[in-house]
file data_30.txt (compact mmCIF, C-alpha atoms)
# COMPACT_ATOMS: atom_id res chain seq x y z
CA MET A 11 86.03 276.81 173.60
CA SER A 12 84.88 273.33 172.62
CA ILE A 13 87.53 271.25 170.82
CA ASN A 14 86.09 268.55 168.57
CA LEU A 15 88.36 265.67 167.55
CA HIS A 16 87.75 263.17 164.76
CA HIS A 17 88.84 260.55 167.31
CA HIS A 18 90.13 260.56 170.84
CA ALA A 19 93.90 260.33 171.12
CA PHE A 20 95.13 256.77 170.46
CA ALA A 21 91.84 255.85 168.74
CA GLY A 22 91.23 255.82 164.97
CA ASN A 23 94.13 253.49 164.12
CA PRO A 24 93.95 253.03 160.30
CA LEU A 25 95.66 249.62 160.57
CA ARG A 26 92.71 248.34 162.58
CA SER A 27 89.98 249.69 160.31
CA ILE A 28 87.10 247.77 158.77
CA PRO A 29 87.28 245.98 156.34
CA ALA A 30 89.91 243.89 158.04
CA ASP A 31 93.63 243.87 157.23
CA GLN A 32 94.46 242.85 153.69
CA LEU A 33 96.96 240.32 155.03
CA SER A 34 96.29 237.86 157.87
CA PRO A 35 98.79 237.69 160.77
CA SER A 36 99.82 234.13 159.86
CA ALA A 37 100.39 235.01 156.20
CA ALA A 38 102.30 238.15 157.20
CA LEU A 39 104.56 236.18 159.54
CA LYS A 40 105.26 233.54 156.91
CA SER A 41 106.37 236.20 154.42
CA LEU A 42 108.41 237.96 157.09
CA ASN A 43 110.35 234.85 158.07
CA THR A 44 111.03 234.03 154.41
CA ILE A 45 112.54 237.46 153.82
CA ILE A 46 114.59 237.40 157.05
CA LEU A 47 116.19 234.13 156.01
CA GLN A 48 117.09 235.47 152.56
CA ASN A 49 120.55 236.92 152.02
CA ASN A 50 119.38 239.00 149.07
CA PRO A 51 117.38 242.22 149.46
CA SER A 52 113.67 241.66 149.94
CA PRO A 53 111.33 242.02 146.95
CA PRO A 54 109.66 245.41 146.51
CA SER A 55 106.14 244.15 147.19
CA PRO A 56 104.76 243.98 149.78
CA ASN A 57 106.77 246.67 151.51
CA PHE A 58 107.67 245.65 155.06
CA LYS A 59 107.96 248.60 157.46
CA VAL A 60 109.19 248.28 161.04
CA LEU A 61 108.81 250.73 163.93
CA PRO A 62 111.56 250.26 166.55
CA PHE A 63 110.92 250.98 170.25
CA ARG A 64 113.32 251.45 173.13
CA ASN A 65 112.05 251.35 176.70
CA GLY A 66 108.50 252.04 175.48
CA SER A 67 109.48 254.97 173.26
CA PRO A 68 109.04 254.85 169.45
CA LEU A 69 111.66 256.03 166.97
CA ALA A 70 110.53 259.40 165.61
CA SER A 71 111.72 262.18 163.33
CA SER A 72 110.64 265.78 162.80
CA SER A 73 110.23 267.98 159.73
CA VAL A 74 109.71 271.69 159.23
CA GLY A 75 106.08 272.74 159.02
CA SER A 76 104.64 274.79 156.18
CA ASP A 77 104.42 278.61 156.44
CA HIS A 78 104.16 279.52 160.13
CA SER A 79 103.04 276.10 161.35
CA PRO A 80 105.17 274.29 163.97
CA PRO A 81 107.43 271.31 163.19
CA ILE A 82 105.65 268.04 162.45
CA TRP A 83 106.79 264.76 164.01
CA HIS A 84 106.68 261.44 162.12
CA LEU A 85 107.07 257.81 163.02
CA ALA A 86 110.55 256.75 161.83
CA TRP A 87 109.68 253.52 160.02
CA ILE A 88 112.66 251.54 158.73
CA SER A 89 112.73 248.89 156.03
CA LEU A 90 113.17 245.21 156.86
CA ASP A 91 116.45 245.19 154.92
CA ASP A 92 117.77 248.08 157.00
CA LEU A 93 116.66 246.33 160.19
CA LYS A 94 118.53 243.17 159.14
CA ALA A 95 121.65 245.23 158.50
CA ILE A 96 121.36 247.01 161.88
CA PHE A 97 121.00 243.70 163.74
CA LYS A 98 123.93 242.18 161.84
CA SER A 99 126.22 245.11 162.62
CA SER A 100 125.28 244.86 166.29
CA GLY A 101 125.90 241.12 166.42
CA ALA A 102 122.29 240.48 167.38
CA LYS A 103 119.99 237.81 165.96
CA LEU A 104 116.78 238.81 164.19
CA ASN A 105 113.87 236.42 163.85
CA GLY A 106 110.17 236.76 163.15
CA ASP A 107 109.21 236.15 166.77
CA SER A 108 111.02 239.37 167.72
CA LEU A 109 108.44 241.45 165.84
CA VAL A 110 104.74 242.04 166.42
CA TYR A 111 102.31 242.49 163.55
CA LEU A 112 100.45 245.80 163.49
CA GLY A 113 98.50 245.46 160.24
CA SER A 114 98.71 246.03 156.51
CA SER A 115 97.54 248.69 154.12
CA ALA A 116 96.35 248.20 150.57
CA GLU A 117 96.76 251.93 150.00
CA ASP A 118 100.58 251.78 150.04
CA ASP A 119 100.96 247.99 149.73
CA ALA A 120 102.79 247.90 153.05
CA VAL A 121 102.92 245.54 156.02
CA TYR A 122 103.63 247.16 159.37
CA TRP A 123 105.53 245.71 162.32
CA ALA A 124 107.00 246.87 165.64
CA ILE A 125 110.04 245.64 167.51
CA ASP A 126 111.60 246.29 170.90
CA VAL A 127 115.33 246.91 170.42
CA SER A 128 116.08 248.00 173.99
CA ALA A 129 118.81 245.44 174.67
CA LYS A 130 119.72 244.43 171.12
CA VAL A 131 120.88 247.38 169.01
CA PRO A 132 122.14 250.12 171.35
CA LYS A 133 123.41 252.39 168.59
CA LEU A 134 120.05 252.77 166.82
CA GLY A 135 118.69 256.27 167.36
CA THR A 136 122.04 257.77 168.40
CA ASP A 137 123.66 258.66 165.06
CA PRO A 138 124.06 262.47 164.93
CA ASN A 139 123.85 262.33 161.13
CA VAL A 140 120.38 260.73 161.20
CA GLY A 141 117.54 262.94 162.42
CA SER A 142 115.62 260.33 164.40
CA ARG A 143 115.50 259.61 168.12
CA PHE A 144 113.48 257.52 170.53
CA VAL A 145 110.88 259.91 171.97
CA GLU A 146 108.52 259.18 174.86
CA LEU A 147 105.00 258.52 173.58
CA ARG A 148 103.44 260.94 176.05
CA THR A 149 105.71 263.67 174.66
CA LEU A 150 104.60 262.88 171.11
CA MET A 151 100.99 262.97 172.27
CA VAL A 152 101.36 266.52 173.55
CA ALA A 153 103.19 267.58 170.38
CA THR A 154 100.52 266.20 168.04
CA ASP A 155 98.29 268.65 166.18
CA TRP A 156 94.84 267.26 167.00
CA GLU A 157 93.44 268.86 163.82
CA ASP A 158 95.86 266.79 161.69
CA ILE A 159 94.13 263.46 160.98
CA LYS A 160 97.33 261.81 159.74
CA ALA A 161 99.24 262.83 162.86
CA MET A 162 96.47 261.50 165.08
CA GLN A 163 96.53 258.21 163.15
CA ASN A 164 100.30 257.93 163.66
CA LEU A 165 99.77 258.48 167.38
CA ALA A 166 97.18 255.68 167.44
CA ILE A 167 99.52 253.29 165.60
CA ALA A 168 102.35 254.05 168.02
CA GLY A 169 100.00 253.56 170.97
CA GLN A 170 98.90 250.11 169.81
CA ALA A 171 102.50 249.10 169.11
CA LYS A 172 103.70 250.23 172.55
CA ALA A 173 100.88 248.37 174.29
CA LEU A 174 101.59 245.13 172.40
CA LEU A 175 105.34 245.25 173.00
CA GLU A 176 104.97 245.98 176.71
CA TRP A 177 102.40 243.18 177.01
CA HIS A 178 104.99 240.81 175.50
CA ASN A 179 107.54 241.97 178.08
CA ILE A 180 105.27 241.18 181.05
CA SER A 181 103.85 237.90 179.70
CA GLN A 182 107.05 235.92 179.18
CA PHE A 183 105.89 233.19 181.54
CA CYS A 184 102.63 231.26 181.79
CA GLY A 185 100.49 232.33 184.73
CA HIS A 186 99.06 228.82 184.97
CA CYS A 187 102.17 226.57 185.11
CA GLY A 188 105.09 229.04 185.12
CA LYS A 189 106.77 227.81 181.92
CA LYS A 190 108.01 230.19 179.25
CA THR A 191 105.57 231.46 176.64
CA VAL A 192 106.12 231.70 172.90
CA SER A 193 104.74 234.21 170.41
CA VAL A 194 101.96 233.02 168.08
CA GLU A 195 99.81 234.68 165.42
CA ALA A 196 102.60 237.14 164.57
CA GLY A 197 102.76 238.46 168.11
CA ARG A 198 99.02 239.00 168.53
CA ARG A 199 98.83 236.14 171.04
CA LYS A 200 101.15 234.05 173.22
CA GLN A 201 101.05 230.40 174.18
CA CYS A 202 102.60 228.34 176.95
CA SER A 203 105.52 226.24 175.71
CA ASN A 204 104.61 223.40 178.08
CA ASP A 205 103.01 220.63 175.97
CA SER A 206 100.82 219.56 178.88
CA CYS A 207 99.52 223.12 179.34
CA LYS A 208 99.47 225.02 175.99
CA LYS A 209 97.46 227.79 177.62
CA ARG A 210 96.63 230.66 175.23
CA ILE A 211 97.35 234.15 176.53
CA TYR A 212 95.67 237.23 175.09
CA PRO A 213 96.47 240.93 175.52
CA ARG A 214 94.19 242.38 178.17
CA VAL A 215 92.66 245.82 178.41
CA ASP A 216 91.85 247.15 181.86
CA PRO A 217 88.67 249.30 181.94
CA VAL A 218 88.85 252.58 183.83
CA VAL A 219 85.71 254.62 184.40
CA ILE A 220 86.08 258.40 183.97
CA MET A 221 83.04 260.27 185.26
CA LEU A 222 81.95 263.87 185.18
CA VAL A 223 79.60 264.13 188.17
CA ILE A 224 76.90 266.73 187.47
CA ASP A 225 74.59 268.58 189.84
CA ARG A 226 71.67 269.47 187.58
CA GLU A 227 69.87 271.62 190.15
CA ASN A 228 72.82 273.91 190.85
CA ASP A 229 74.36 273.70 187.34
CA CYS A 230 77.83 272.63 188.48
CA VAL A 231 80.23 269.69 188.21
CA LEU A 232 82.45 267.79 190.63
CA LEU A 233 86.20 267.77 189.94
CA GLY A 234 89.13 266.48 191.96
CA THR A 235 92.86 267.13 192.14
CA ARG A 236 95.48 264.54 193.00
CA PRO A 237 98.62 264.90 195.11
CA LYS A 238 101.85 265.68 193.23
CA VAL A 239 99.92 266.93 190.19
CA ILE A 240 100.61 270.35 188.67
CA SER A 241 99.09 273.09 190.80
CA ARG A 242 95.46 273.98 190.10
CA VAL A 243 94.90 271.08 187.66
CA TRP A 244 91.45 269.60 188.27
CA SER A 245 89.89 266.65 186.47
CA CYS A 246 87.08 264.11 186.52
CA LEU A 247 86.97 261.41 189.16
CA ALA A 248 88.14 258.02 187.92
CA GLY A 249 88.85 254.45 188.96
CA PHE A 250 89.25 250.85 187.83
CA ALA A 251 86.22 248.63 187.39
CA GLU A 252 86.31 245.57 189.62
CA GLN A 253 85.44 241.97 188.84
CA GLY A 254 81.71 241.21 188.96
CA GLU A 255 80.89 244.90 188.55
CA SER A 256 79.23 246.76 185.68
CA LEU A 257 80.76 250.01 184.48
CA GLU A 258 77.78 251.95 185.81
CA GLU A 259 78.24 250.31 189.21
CA ALA A 260 81.93 251.22 189.11
CA VAL A 261 81.02 254.87 188.45
CA ARG A 262 78.74 254.97 191.48
CA ARG A 263 81.18 253.11 193.76
CA GLU A 264 84.27 255.14 192.81
CA THR A 265 82.41 258.44 193.16
CA TRP A 266 81.15 257.42 196.61
CA GLU A 267 84.55 256.17 197.76
CA GLU A 268 86.43 259.29 196.65
CA SER A 269 83.90 262.01 197.54
CA ARG A 270 80.92 260.46 199.39
CA ILE A 271 78.67 261.87 196.66
CA GLU A 272 75.78 259.57 195.78
CA VAL A 273 75.18 259.08 192.04
CA GLY A 274 71.91 258.09 190.37
CA GLU A 275 71.65 258.16 186.57
CA VAL A 276 74.81 257.24 184.63
CA VAL A 277 75.04 258.06 180.89
CA TYR A 278 77.77 256.77 178.55
CA HIS A 279 79.76 259.40 176.60
CA SER A 280 82.70 257.73 174.74
CA SER A 281 85.81 255.60 175.24
CA GLN A 282 89.55 255.96 174.65
CA PRO A 283 92.44 253.47 174.57
CA TRP A 284 95.24 254.66 176.86
CA PRO A 285 98.67 252.98 176.45
CA LEU A 286 100.37 255.37 178.89
CA GLY A 287 99.74 253.66 182.20
CA SER A 288 102.27 251.72 184.24
CA ASN A 289 104.34 248.98 182.59
CA SER A 290 102.31 246.38 184.52
CA ILE A 291 99.15 247.58 182.72
CA PRO A 292 100.18 248.00 179.05
CA CYS A 293 96.84 249.41 177.94
CA GLN A 294 93.82 250.78 179.73
CA LEU A 295 90.43 251.54 178.22
CA MET A 296 89.12 254.85 179.51
CA VAL A 297 85.32 254.77 179.47
CA GLY A 298 83.72 258.20 179.91
CA PHE A 299 80.36 258.84 181.58
CA PHE A 300 78.14 261.65 182.76
CA ALA A 301 77.02 260.82 186.29
CA TYR A 302 74.16 262.73 187.91
CA ALA A 303 74.51 263.49 191.62
CA LYS A 304 71.83 262.77 194.22
CA SER A 305 73.71 264.54 197.04
CA ARG A 306 76.05 267.54 197.48
CA GLU A 307 78.03 267.21 200.70
CA ILE A 308 81.64 266.21 199.99
CA ILE A 309 83.91 264.09 202.18
CA VAL A 310 87.27 263.67 200.44
CA ASP A 311 89.21 260.40 200.49
CA LYS A 312 92.63 261.91 201.23
CA LYS A 313 94.40 258.67 200.33
CA GLU A 314 93.24 259.05 196.73
CA LEU A 315 92.69 262.77 196.18
CA GLU A 316 94.07 266.02 197.53
CA ASP A 317 90.74 267.80 197.20
CA VAL A 318 87.29 267.59 195.56
CA LYS A 319 85.09 270.61 194.80
CA TRP A 320 81.99 271.70 192.92
CA PHE A 321 82.65 274.14 190.03
CA SER A 322 80.12 276.34 188.25
CA ARG A 323 79.62 276.33 184.50
CA GLU A 324 81.05 279.86 184.42
CA ASP A 325 84.28 278.74 186.14
CA ILE A 326 84.68 275.79 183.77
CA ARG A 327 84.05 277.90 180.66
CA LYS A 328 86.59 280.47 181.80
CA ALA A 329 89.20 277.79 182.41
CA LEU A 330 88.66 276.25 178.98
CA THR A 331 88.63 279.62 177.21
CA LEU A 332 91.85 280.89 178.78
CA ALA A 333 93.91 277.70 178.49
CA GLU A 334 96.28 278.09 175.55
CA TYR A 335 96.21 274.51 174.29
CA LYS A 336 97.32 275.34 170.76
CA LYS A 337 100.28 277.36 171.98
CA ALA A 338 101.32 274.49 174.23
CA GLN A 339 101.12 272.02 171.33
CA ARG A 340 103.38 274.24 169.22
CA THR A 341 105.89 274.51 172.05
CA ALA A 342 105.93 270.74 172.48
CA ALA A 343 106.35 270.18 168.71
CA SER A 344 109.42 272.43 168.74
CA LYS A 345 110.84 270.46 171.67
CA VAL A 346 110.37 267.19 169.78
CA GLU A 347 112.28 268.73 166.87
CA GLN A 348 115.15 269.51 169.25
CA ILE A 349 115.08 265.98 170.64
CA CYS A 350 115.28 264.49 167.13
CA LYS A 351 118.29 266.70 166.42
CA GLY A 352 119.95 265.43 169.58
CA VAL A 353 119.79 268.87 171.21
CA GLU A 354 117.42 268.15 174.07
CA LYS A 355 116.92 265.00 176.10
CA SER A 356 113.47 263.40 175.83
CA ARG A 357 111.18 264.06 178.78
CA SER A 358 107.49 264.01 179.55
CA LEU A 359 105.71 267.15 178.35
CA ALA A 360 102.21 266.31 179.53
CA GLY A 361 102.14 269.38 181.73
CA ASP A 362 102.61 271.69 178.76
CA PHE A 363 98.90 271.53 178.05
CA ASN A 364 98.17 273.14 181.39
CA VAL A 365 99.19 276.60 180.25
CA GLU A 366 97.76 279.79 181.63
CA SER A 367 97.15 282.93 179.60
CA SER A 368 97.86 286.43 180.91
CA GLU A 369 94.35 286.48 182.37
CA HIS A 370 93.53 284.56 185.51
CA ALA A 371 91.72 281.24 185.21
CA PRO A 372 90.22 279.69 188.36
CA ILE A 373 91.47 276.21 187.48
CA PHE A 374 93.16 274.23 184.74
CA VAL A 375 91.61 271.09 183.24
CA PRO A 376 93.40 268.34 181.26
CA GLY A 377 94.31 268.99 177.63
CA PRO A 378 92.48 267.75 174.50
CA PHE A 379 94.13 264.33 174.51
CA ALA A 380 92.40 263.26 177.72
CA ILE A 381 88.83 261.98 177.61
CA ALA A 382 88.22 264.05 180.77
CA HIS A 383 88.73 267.22 178.71
CA HIS A 384 85.93 266.28 176.34
CA LEU A 385 83.56 265.28 179.10
CA ILE A 386 84.14 268.63 180.78
CA SER A 387 84.02 270.78 177.63
CA SER A 388 80.96 269.03 176.18
CA TRP A 389 79.06 269.82 179.42
CA ALA A 390 80.40 273.36 179.70
CA PHE A 391 79.36 274.25 176.14
CA SER A 392 76.36 271.93 175.84
CA ASP A 393 74.14 274.83 174.74
CA GLN A 394 76.54 275.63 171.86
CA ASN A 395 77.05 271.96 170.89
CA ALA A 396 73.31 271.53 170.46
CA HIS A 397 73.26 273.89 167.46
call {"tool": "encode", "arguments": {"input": "data_30.txt", "output": "structure tokens"}}
result
Amino acid sequence: MSINLHHHAFAGNPLRSIPADQLSPSAALKSLNTIILQNNPSPPSPNFKVLPFRNGSPLASSSVGSDHSPPIWHLAWISLDDLKAIFKSSGAKLNGDSLVYLGSSAEDDAVYWAIDVSAKVPKLGTDPNVGSRFVELRTLMVATDWEDIKAMQNLAIAGQAKALLEWHNISQFCGHCGKKTVSVEAGRRKQCSNDSCKKRIYPRVDPVVIMLVIDRENDCVLLGTRPKVISRVWSCLAGFAEQGESLEEAVRRETWEESRIEVGEVVYHSSQPWPLGSNSIPCQLMVGFFAYAKSREIIVDKKELEDVKWFSREDIRKALTLAEYKKAQRTAASKVEQICKGVEKSRSLAGDFNVESSEHAPIFVPGPFAIAHHLISSWAFSDQNAH
């Protein structure tokens, strides 16, 4: 079973498409500040839409699917006028520097923003009469129908917004002189407030190499499992690229460090933004490779991995065929619906994609939203993908 996505999860953001945004960040911020200062309702065009976040989770809602399809989650955008009213009722101050610019769309004549309301408007997302709640982004990822282009685009928008907001939270002070930073370019950049410094600070993306190590001669691949991960879940080896190191060199080094397998040829597959890492790393860039082994004897680095093994193509195909990814997505979508109704507390549902059918699979591999899944499945069904 080879699952083909239009984009990897968190990629394909329509607000970052080419041609560039219809409205520049500086022009968007100028219009935003003008409207915030007005006491009258904002003009109908352009339409300012804001996505609130609390503790890294976006505000979301859920609607009933058509026919027998599962519920569909949506980003719960609110108007700028409603945001002003919410801040006023909470006694909090709203200004343009509190928001980050996500982009604009000529299609619906809208300008999109995100804001972190964690400590400012505690009542938002708690009204039992309003069907929206703050839902963890990883939970929304699992609940997303990967065949629904619009849903995947919403996931990408939410991912970019989360990464930007968390970057703002960890870059409040200049790393050069220690003074406070201020938001510039509608939240796309920050700058030191010290006139003698004025250092510009840009959002960073940390590259992580994800490699499927392949033994051509024996037609098998190398997978590892980490401590405290769901039983029998195996995935590609991975690691951060270091300074002064190419991505190909990182693939070879990380593979050697974790398994003592020597790698020769390294071939690029694809990349994926990943805004689900630790708060200290707001966004990683997962870069996927096929790496061809020059040795077979494994020595596992127990500090990093619980185990590393070679798996045959037959084992991998069986695991992918028996894993009920679609069923897991439907289950997660129903749970999001319950969360938005206030019935169930939000929690991470990443493990729901590791679902076993009634038949026995030798291993589980990550679900369709991980780049590792597509590295593994594209190798396992390479003969089918060629047609």
call {"tool": "closest_residue", "arguments": {"input": "data_30.txt", "among": "A:Leu147, A:Val346, A:Ala86, A:Ser288", "to": "Ile180 in chain A", "atoms": "only C-alpha atoms"}}
result
A:Ser288
call {"tool": "residues_around", "arguments": {"input": "data_30.txt", "residues": "range 270-276 of chain A", "least_positions_apart": "4", "cutoff": "7 Å", "atoms": "only C-alpha atoms", "output": "PyMOL selection string"}}
result
chain A and resi 258+262+265-266+299-309
call {"tool": "residues_around", "arguments": {"input": "data_30.txt", "residues": "range 192-207 of chain A", "least_positions_apart": "3", "cutoff": "10 Å", "atoms": "all atoms listed in the file", "output": "PyMOL selection string"}}
result
chain A and resi 34-40+42+106-112+123-124+174-175+177-178+181-189+210-213
call {"tool": "residues_around", "arguments": {"input": "data_30.txt", "residues": "Lys133 in chain A", "least_positions_apart": "5", "cutoff": "10 Å", "atoms": "all atoms listed in the file", "output": "ChimeraX atom specification"}}
result
/A:96,99-100,127
call {"tool": "closest_residue", "arguments": {"input": "data_30.txt", "among": "A:Asp77, A:Asp126, A:Glu268, A:Glu157", "to": "Leu93 in chain A", "atoms": "all atoms listed in the file"}}
result
A:Asp126
call {"tool": "residues_around", "arguments": {"input": "data_30.txt", "residues": "range 388-395 of chain A", "least_positions_apart": "5", "cutoff": "10 Å", "atoms": "all atoms listed in the file", "output": "number ranges by chain"}}
result
A: 11-14, 222, 224, 229-231, 279, 300, 322-328, 330, 382-383
call {"tool": "closest_residue", "arguments": {"input": "data_30.txt", "among": "A:Ala260, A:Val219, A:Cys246, A:Val277", "to": "Ile386 in chain A", "atoms": "all atoms listed in the file"}}
result
A:Cys246
call {"tool": "closest_residue", "arguments": {"input": "data_30.txt", "among": "A:Lys172, A:His17, A:Arg242, A:Lys94", "to": "Gly66 in chain A", "atoms": "all atoms listed in the file"}}
result
A:Lys172
call {"tool": "decode", "arguments": {"input": "data_30.txt", "residues": "range 321-341 of chain A", "atoms": "N, CA and C atoms", "output": "PDB file, in the first residue's frame"}}
result
ATOM      1  N   PHE A 321      15.355  -5.283   7.882  1.00  0.00           N
ATOM      2  CA  PHE A 321      14.040  -5.840   7.575  1.00  0.00           C
ATOM      3  C   PHE A 321      13.933  -6.086   6.070  1.00  0.00           C
ATOM      4  N   SER A 322      13.342  -7.226   5.723  1.00  0.00           N
ATOM      5  CA  SER A 322      13.180  -7.581   4.316  1.00  0.00           C
ATOM      6  C   SER A 322      12.066  -6.765   3.676  1.00  0.00           C
ATOM      7  N   ARG A 323      12.060  -6.739   2.359  1.00  0.00           N
ATOM      8  CA  ARG A 323      10.999  -6.044   1.629  1.00  0.00           C
ATOM      9  C   ARG A 323       9.634  -6.676   1.952  1.00  0.00           C
ATOM     10  N   GLU A 324       9.616  -7.987   2.115  1.00  0.00           N
ATOM     11  CA  GLU A 324       8.363  -8.677   2.425  1.00  0.00           C
ATOM     12  C   GLU A 324       7.808  -8.226   3.778  1.00  0.00           C
ATOM     13  N   ASP A 325       8.684  -8.105   4.790  1.00  0.00           N
ATOM     14  CA  ASP A 325       8.247  -7.654   6.113  1.00  0.00           C
ATOM     15  C   ASP A 325       7.693  -6.228   6.054  1.00  0.00           C
ATOM     16  N   ILE A 326       8.386  -5.368   5.319  1.00  0.00           N
ATOM     17  CA  ILE A 326       7.952  -3.972   5.219  1.00  0.00           C
ATOM     18  C   ILE A 326       6.615  -3.879   4.485  1.00  0.00           C
ATOM     19  N   ARG A 327       6.468  -4.602   3.404  1.00  0.00           N
ATOM     20  CA  ARG A 327       5.207  -4.569   2.655  1.00  0.00           C
ATOM     21  C   ARG A 327       4.051  -5.055   3.517  1.00  0.00           C
ATOM     22  N   LYS A 328       4.285  -6.102   4.289  1.00  0.00           N
ATOM     23  CA  LYS A 328       3.228  -6.640   5.141  1.00  0.00           C
ATOM     24  C   LYS A 328       2.822  -5.614   6.192  1.00  0.00           C
ATOM     25  N   ALA A 329       3.808  -4.959   6.782  1.00  0.00           N
ATOM     26  CA  ALA A 329       3.516  -3.944   7.796  1.00  0.00           C
ATOM     27  C   ALA A 329       2.697  -2.803   7.213  1.00  0.00           C
ATOM     28  N   LEU A 330       3.061  -2.339   6.030  1.00  0.00           N
ATOM     29  CA  LEU A 330       2.342  -1.235   5.399  1.00  0.00           C
ATOM     30  C   LEU A 330       0.949  -1.649   4.946  1.00  0.00           C
ATOM     31  N   THR A 331       0.791  -2.891   4.508  1.00  0.00           N
ATOM     32  CA  THR A 331      -0.502  -3.362   4.022  1.00  0.00           C
ATOM     33  C   THR A 331      -1.492  -3.550   5.164  1.00  0.00           C
ATOM     34  N   LEU A 332      -1.011  -4.011   6.317  1.00  0.00           N
ATOM     35  CA  LEU A 332      -1.916  -4.326   7.416  1.00  0.00           C
ATOM     36  C   LEU A 332      -2.213  -3.134   8.318  1.00  0.00           C
ATOM     37  N   ALA A 333      -1.406  -2.097   8.273  1.00  0.00           N
ATOM     38  CA  ALA A 333      -1.649  -0.937   9.125  1.00  0.00           C
ATOM     39  C   ALA A 333      -2.886  -0.193   8.644  1.00  0.00           C
ATOM     40  N   GLU A 334      -3.821   0.033   9.545  1.00  0.00           N
ATOM     41  CA  GLU A 334      -5.111   0.631   9.169  1.00  0.00           C
ATOM     42  C   GLU A 334      -5.059   2.148   9.352  1.00  0.00           C
ATOM     43  N   TYR A 335      -4.296   2.806   8.503  1.00  0.00           N
ATOM     44  CA  TYR A 335      -4.093   4.247   8.635  1.00  0.00           C
ATOM     45  C   TYR A 335      -5.392   5.037   8.485  1.00  0.00           C
ATOM     46  N   LYS A 336      -6.224   4.638   7.526  1.00  0.00           N
ATOM     47  CA  LYS A 336      -7.458   5.381   7.290  1.00  0.00           C
ATOM     48  C   LYS A 336      -8.407   5.255   8.482  1.00  0.00           C
ATOM     49  N   LYS A 337      -8.484   4.062   9.039  1.00  0.00           N
ATOM     50  CA  LYS A 337      -9.331   3.852  10.205  1.00  0.00           C
ATOM     51  C   LYS A 337      -8.857   4.709  11.374  1.00  0.00           C
ATOM     52  N   ALA A 338      -7.550   4.787  11.544  1.00  0.00           N
ATOM     53  CA  ALA A 338      -6.986   5.589  12.628  1.00  0.00           C
ATOM     54  C   ALA A 338      -7.297   7.067  12.435  1.00  0.00           C
ATOM     55  N   GLN A 339      -7.229   7.539  11.181  1.00  0.00           N
ATOM     56  CA  GLN A 339      -7.541   8.945  10.904  1.00  0.00           C
ATOM     57  C   GLN A 339      -8.991   9.258  11.248  1.00  0.00           C
ATOM     58  N   ARG A 340      -9.893   8.349  10.910  1.00  0.00           N
ATOM     59  CA  ARG A 340     -11.314   8.541  11.211  1.00  0.00           C
ATOM     60  C   ARG A 340     -11.548   8.590  12.732  1.00  0.00           C
ATOM     61  N   THR A 341     -10.863   7.711  13.443  1.00  0.00           N
ATOM     62  CA  THR A 341     -10.993   7.698  14.896  1.00  0.00           C
ATOM     63  C   THR A 341     -10.518   9.018  15.490  1.00  0.00           C
TER      64      THR A 341
END
